[in-house]
Amino acid sequence: RSLVDVRINLKNHGVQYALQNIARKEIEARGPLRVIFHSDEFKALKAEMQTAAGDPTECLSKNNPKYEKLTDVLLEHFERKQAIGESTRVIVFSQLRESVMGIVSMLSSKNAALLKPTPFVGQSKKKESESNPGQEVAGMNQAEQQRILRQFNEGVYNILVCTCVGEEGLDIGDVDLIVNFDILKSAIRSIQRTGRTGRKRNGRVIFLVSEGQEERSYRDSVTNSKKIARAL
């Protein structure tokens with residue numbers, strides 16, 4: 001299962017996060033999995049991944065087309081809204097906290113005049129860092145969360161990049177676009193994400209989907225969402 005997780009991570013989030021996942025699992029590995037991690041074949045594969053990743057600050061869009069597509073989608077959206085003189089706000093969802101941070105870092109370097117992203121993550125006090133295995137990193141406390149939401153609603157930021165903490169129960173104002181960077185198996189959580197837009201005016205929801213397993217998960221999620229809608 002651990003290697004399956006790495007493969008999914010590689011497919012959905014790119015080489016950088018797959019390497020971080022491997023680093024964490026190498027520390028935890030026992031038995032046959034430990035043997036695999038120490039094999040010459042796996043070490044060679046890991047070396048190829050490290051070469052492909054290159055500079056961690058540049059490899060997001062280089063090794064995963066989702067990041068480049070995300071940038072294109074957001075620039076198109078904000079340029080279109082700017083052309084008609086309309087303010088707008090966007091939420092980007094990703095399940096991985098480190099992916100959230102990577103997306104914010106990438107977007108911040110693109111077009112500062114249009115794209116003003118900020119991360120929004122959970123309150124957990126301690127979480128193992130995948131980029132630095134064994135090191136604990138802090139989440140956002142309630143005061144930090146409230147400050148970010150206030151600044152988002154005031155327009156200081158126009159892109160909220162968040163984990164599942166942004167799916168429900170938060171005071172978030174009008175949002176015109178939701179971008180799902182990854183796909184949820186839970187239809188209910190997917191519906192909660194979608195419900196963040198289109199409350200007072202028309203909104204859009206975009207799913208960024210990798211071929212293969214994530215595409216199948218997306219289709220299953222759509223089917224289950226329709227079943228729930230019919231039941232209601």
# chains A, B, ... in the order shown; residues from 1 in each chain; ligands from 1
>>> residues_around(residues="Glu26 of chain A", least_positions_apart="5", cutoff="9 Å", atoms="only C-alpha atoms", output="count of residues only")
5
>>> residues_around(residues="segment 93-95 of chain A", least_positions_apart="3", cutoff="12 Å", atoms="only C-alpha atoms", output="ChimeraX atom specification")
/A:9,12-13,66-67,70,90,98-104,118-122,159-167,177-185,189-190,192-194,196,205-208
>>> atom_distance(atom1="atom CA of Gln16 of chain A", atom2="atom CA of Lys46 of chain A")
11.2 Å
>>> closest_residue(among="A:Asp72, A:Glu79, A:Asp176, A:Glu86", to="Leu107 of chain A", atoms="only C-alpha atoms")
A:Asp72
>>> atom_distance(atom1="atom CA of Gln151 of chain A", atom2="atom CA of Glu76 of chain A")
23.0 Å
>>> closest_residue(among="A:Ser210, A:Gln146, A:Ser105, A:Asn158", to="Ser87 of chain A", atoms="only C-alpha atoms")
A:Asn158
>>> residues_around(residues="Leu75 of chain A", least_positions_apart="5", cutoff="9 Å", atoms="only C-alpha atoms", output="PyMOL selection string")
chain A and resi 70+80+111+114-115
